[in-house]
file coords-v6.cif (mmCIF, C-alpha atoms)
data_model
#
loop_
_atom_site.group_PDB
_atom_site.id
_atom_site.type_symbol
_atom_site.label_atom_id
_atom_site.label_comp_id
_atom_site.auth_asym_id
_atom_site.auth_seq_id
_atom_site.Cartn_x
_atom_site.Cartn_y
_atom_site.Cartn_z
ATOM 1 C CA MET A 351 -15.699 -16.541 17.322
ATOM 2 C CA ILE A 352 -13.650 -13.891 15.522
ATOM 3 C CA LYS A 353 -13.457 -14.323 11.773
ATOM 4 C CA ILE A 354 -11.190 -12.374 9.427
ATOM 5 C CA ALA A 355 -11.821 -12.733 5.698
ATOM 6 C CA ASN A 356 -9.637 -11.375 2.891
ATOM 7 C CA LEU A 357 -8.014 -8.654 5.027
ATOM 8 C CA VAL A 358 -5.830 -6.378 2.905
ATOM 9 C CA LYS A 359 -3.563 -3.500 3.952
ATOM 10 C CA ARG A 360 -1.149 -1.666 1.681
ATOM 11 C CA PHE A 361 1.276 1.149 2.421
ATOM 12 C CA GLY A 362 1.968 3.263 -0.650
ATOM 13 C CA GLY A 363 0.994 0.425 -2.968
ATOM 14 C CA THR A 364 3.170 -2.118 -1.142
ATOM 15 C CA PRO A 365 1.053 -5.002 0.194
ATOM 16 C CA VAL A 366 1.680 -5.715 3.875
ATOM 17 C CA LEU A 367 -1.385 -7.893 4.472
ATOM 18 C CA ASP A 368 -2.669 -9.562 1.319
ATOM 19 C CA GLY A 369 -5.873 -11.554 1.709
ATOM 20 C CA ILE A 370 -5.503 -12.725 5.322
ATOM 21 C CA ASP A 371 -8.122 -15.308 6.390
ATOM 22 C CA LEU A 372 -8.276 -16.372 10.026
ATOM 23 C CA THR A 373 -10.871 -17.855 12.374
ATOM 24 C CA ILE A 374 -10.375 -17.761 16.136
ATOM 25 C CA GLU A 375 -12.809 -19.838 18.179
ATOM 26 C CA ARG A 376 -14.027 -18.691 21.596
ATOM 27 C CA GLY A 377 -11.427 -19.619 24.235
ATOM 28 C CA GLU A 378 -8.762 -20.326 21.621
ATOM 29 C CA ILE A 379 -5.366 -18.693 22.058
ATOM 30 C CA ILE A 380 -3.259 -17.926 19.017
ATOM 31 C CA VAL A 381 0.253 -16.611 18.539
ATOM 32 C CA VAL A 382 1.357 -14.559 15.558
ATOM 33 C CA ILE A 383 5.094 -14.901 14.954
ATOM 34 C CA GLY A 384 7.459 -13.881 12.206
ATOM 35 C CA PRO A 385 10.454 -11.728 11.397
ATOM 36 C CA SER A 386 10.421 -7.967 11.756
ATOM 37 C CA GLY A 387 8.485 -6.216 9.021
ATOM 38 C CA THR A 388 6.154 -9.080 8.105
ATOM 39 C CA GLY A 389 2.887 -7.431 9.210
ATOM 40 C CA LYS A 390 2.291 -8.760 12.739
ATOM 41 C CA SER A 391 1.727 -5.337 14.291
ATOM 42 C CA THR A 392 -0.160 -4.148 11.224
ATOM 43 C CA LEU A 393 -2.566 -7.076 11.615
ATOM 44 C CA LEU A 394 -3.248 -6.116 15.253
ATOM 45 C CA ARG A 395 -3.586 -2.446 14.348
ATOM 46 C CA CYS A 396 -6.078 -3.296 11.599
ATOM 47 C CA LEU A 397 -8.104 -5.464 13.969
ATOM 48 C CA ASN A 398 -8.689 -2.535 16.313
ATOM 49 C CA PHE A 399 -8.764 0.097 13.536
ATOM 50 C CA LEU A 400 -5.640 1.962 14.566
ATOM 51 C CA GLU A 401 -4.849 1.399 10.872
ATOM 52 C CA ARG A 402 -7.634 1.408 8.301
ATOM 53 C CA PRO A 403 -7.595 -1.828 6.280
ATOM 54 C CA ASP A 404 -8.009 -1.465 2.511
ATOM 55 C CA ALA A 405 -10.349 -4.458 2.137
ATOM 56 C CA GLY A 406 -11.834 -7.343 4.042
ATOM 57 C CA GLN A 407 -14.564 -8.497 6.374
ATOM 58 C CA LEU A 408 -14.441 -8.935 10.141
ATOM 59 C CA SER A 409 -16.992 -10.680 12.316
ATOM 60 C CA LEU A 410 -17.367 -11.286 16.024
ATOM 61 C CA GLY A 411 -20.408 -13.447 16.688
ATOM 62 C CA ASP A 412 -23.340 -11.589 15.134
ATOM 63 C CA LEU A 413 -21.383 -8.352 14.643
ATOM 64 C CA GLU A 414 -20.103 -8.166 11.066
ATOM 65 C CA ILE A 415 -18.233 -5.249 9.566
ATOM 66 C CA ASP A 416 -16.993 -4.307 6.125
ATOM 67 C CA VAL A 417 -13.641 -2.689 6.911
ATOM 68 C CA THR A 418 -14.006 -0.153 4.086
ATOM 69 C CA ARG A 419 -17.105 1.412 5.681
ATOM 70 C CA ALA A 420 -17.111 3.643 8.738
ATOM 71 C CA SER A 421 -20.317 2.286 10.263
ATOM 72 C CA ARG A 422 -20.051 -0.070 13.249
ATOM 73 C CA ARG A 423 -16.308 0.501 13.811
ATOM 74 C CA THR A 424 -16.950 1.851 17.309
ATOM 75 C CA SER A 425 -19.028 -1.228 18.166
ATOM 76 C CA TRP A 426 -16.206 -3.412 16.856
ATOM 77 C CA ARG A 427 -13.573 -1.554 18.910
ATOM 78 C CA HIS A 428 -15.590 -2.023 22.096
ATOM 79 C CA ALA A 429 -16.166 -5.715 21.358
ATOM 80 C CA VAL A 430 -12.507 -6.419 20.543
ATOM 81 C CA ALA A 431 -10.921 -4.132 23.131
ATOM 82 C CA ARG A 432 -7.212 -4.832 23.493
ATOM 83 C CA PRO A 433 -6.153 -5.324 27.116
ATOM 84 C CA SER A 434 -3.428 -3.040 28.378
ATOM 85 C CA SER A 435 0.034 -4.566 28.252
ATOM 86 C CA SER A 436 2.955 -4.499 30.623
ATOM 87 C CA ARG A 437 6.099 -2.463 29.959
ATOM 88 C CA THR A 438 7.981 -5.581 28.937
ATOM 89 C CA MET A 439 5.624 -6.680 26.164
ATOM 90 C CA ARG A 440 6.833 -5.887 22.673
ATOM 91 C CA CYS A 441 3.798 -6.900 20.631
ATOM 92 C CA SER A 442 1.557 -3.939 21.441
ATOM 93 C CA PRO A 443 0.944 -2.042 18.187
ATOM 94 C CA THR A 444 0.786 1.305 20.012
ATOM 95 C CA ARG A 445 3.694 0.757 22.392
ATOM 96 C CA ARG A 446 6.675 3.043 22.201
ATOM 97 C CA ARG A 447 10.082 2.057 23.454
ATOM 98 C CA TRP A 448 11.001 3.947 26.632
ATOM 99 C CA ARG A 449 14.454 4.480 28.083
ATOM 100 C CA THR A 450 14.771 2.331 31.197
ATOM 101 C CA SER A 451 18.247 3.363 32.311
ATOM 102 C CA PRO A 452 19.244 6.849 33.449
ATOM 103 C CA LYS A 453 21.417 8.968 31.180
ATOM 104 C CA ALA A 454 25.086 8.713 31.998
#
call {"tool": "encode", "arguments": {"input": "coords-v6.cif", "output": "structure tokens"}}
result
Amino acid sequence: MIKIANLVKRFGGTPVLDGIDLTIERGEIIVVIGPSGTGKSTLLRCLNFLERPDAGQLSLGDLEIDVTRASRRTSWRHAVARPSSSRTMRCSPTRRRWRTSPKA
């Protein structure tokens, strides 16, 4: 089970994630949807520490981490490794858009 408690991320004082609570049971599949700019990618980036959350707690089974402390982040990253995505997926928080047609 992955549990997210009170996850907070701000950019320049603007709250993007404000007290997110979420529990994902083993084998459960979830979908995060919403308009552009509502924090979907930021949530994923915070979950694998590509962005440092400002507050909150994360747990995966017995592994618990306070997101404001540096300890155990590497263990968390290995436990919650994000699978590589195909070129057509748009939800990858690290994906850049590549030109697929030759220049005219």
call {"tool": "residues_around", "arguments": {"input": "coords-v6.cif", "residues": "Glu401 in chain A", "least_positions_apart": "4", "cutoff": "8 Å", "atoms": "only C-alpha atoms", "output": "list in words"}}
result
Thr392, Arg395 and Cys396 of chain A
call {"tool": "resolve_selection", "arguments": {"input": "coords-v6.cif", "expression": "the PyMOL selection byres ((chain A and resi 410-414) around 8)", "output": "ChimeraX atom specification"}}
result
/A:351-353,407-409,415-416,426,429
call {"tool": "atom_distance", "arguments": {"input": "coords-v6.cif", "atom1": "CA of Lys359 in chain A", "atom2": "CA of Gly377 in chain A"}}
result
27.1 Å
call {"tool": "atom_distance", "arguments": {"input": "coords-v6.cif", "atom1": "CA of Gly363 in chain A", "atom2": "CA of Ala405 in chain A"}}
result
13.4 Å
call {"tool": "atom_distance", "arguments": {"input": "coords-v6.cif", "atom1": "CA of Arg402 in chain A", "atom2": "CA of Leu367 in chain A"}}
result
11.8 Å
call {"tool": "closest_residue", "arguments": {"input": "coords-v6.cif", "among": "A:Leu394, A:Ile383, A:Glu378, A:Pro403", "to": "Val358 in chain A", "atoms": "all atoms listed in the file"}}
result
A:Pro403
call {"tool": "residues_around", "arguments": {"input": "coords-v6.cif", "residues": "Ile370 in chain A", "least_positions_apart": "4", "cutoff": "7 Å", "atoms": "only C-alpha atoms", "output": "JSON, numbers by chain"}}
result
{"A": [355, 356, 357, 358]}
call {"tool": "resolve_selection", "arguments": {"input": "coords-v6.cif", "expression": "the PyMOL selection byres ((chain A and resi 372) around 6)", "output": "PyMOL selection string"}}
result
chain A and resi 353-354+371+373
call {"tool": "write_last_selection", "arguments": {"input": "coords-v6.cif", "atoms": "C-alpha atoms", "output": "PDB file, in the coordinates of the input"}}
result
ATOM      1  CA  LYS A 353     -13.457 -14.323  11.773  1.00  0.00           C
ATOM      2  CA  ILE A 354     -11.190 -12.374   9.427  1.00  0.00           C
ATOM      3  CA  ASP A 371      -8.122 -15.308   6.390  1.00  0.00           C
ATOM      4  CA  THR A 373     -10.871 -17.855  12.374  1.00  0.00           C
TER       5      THR A 373
END
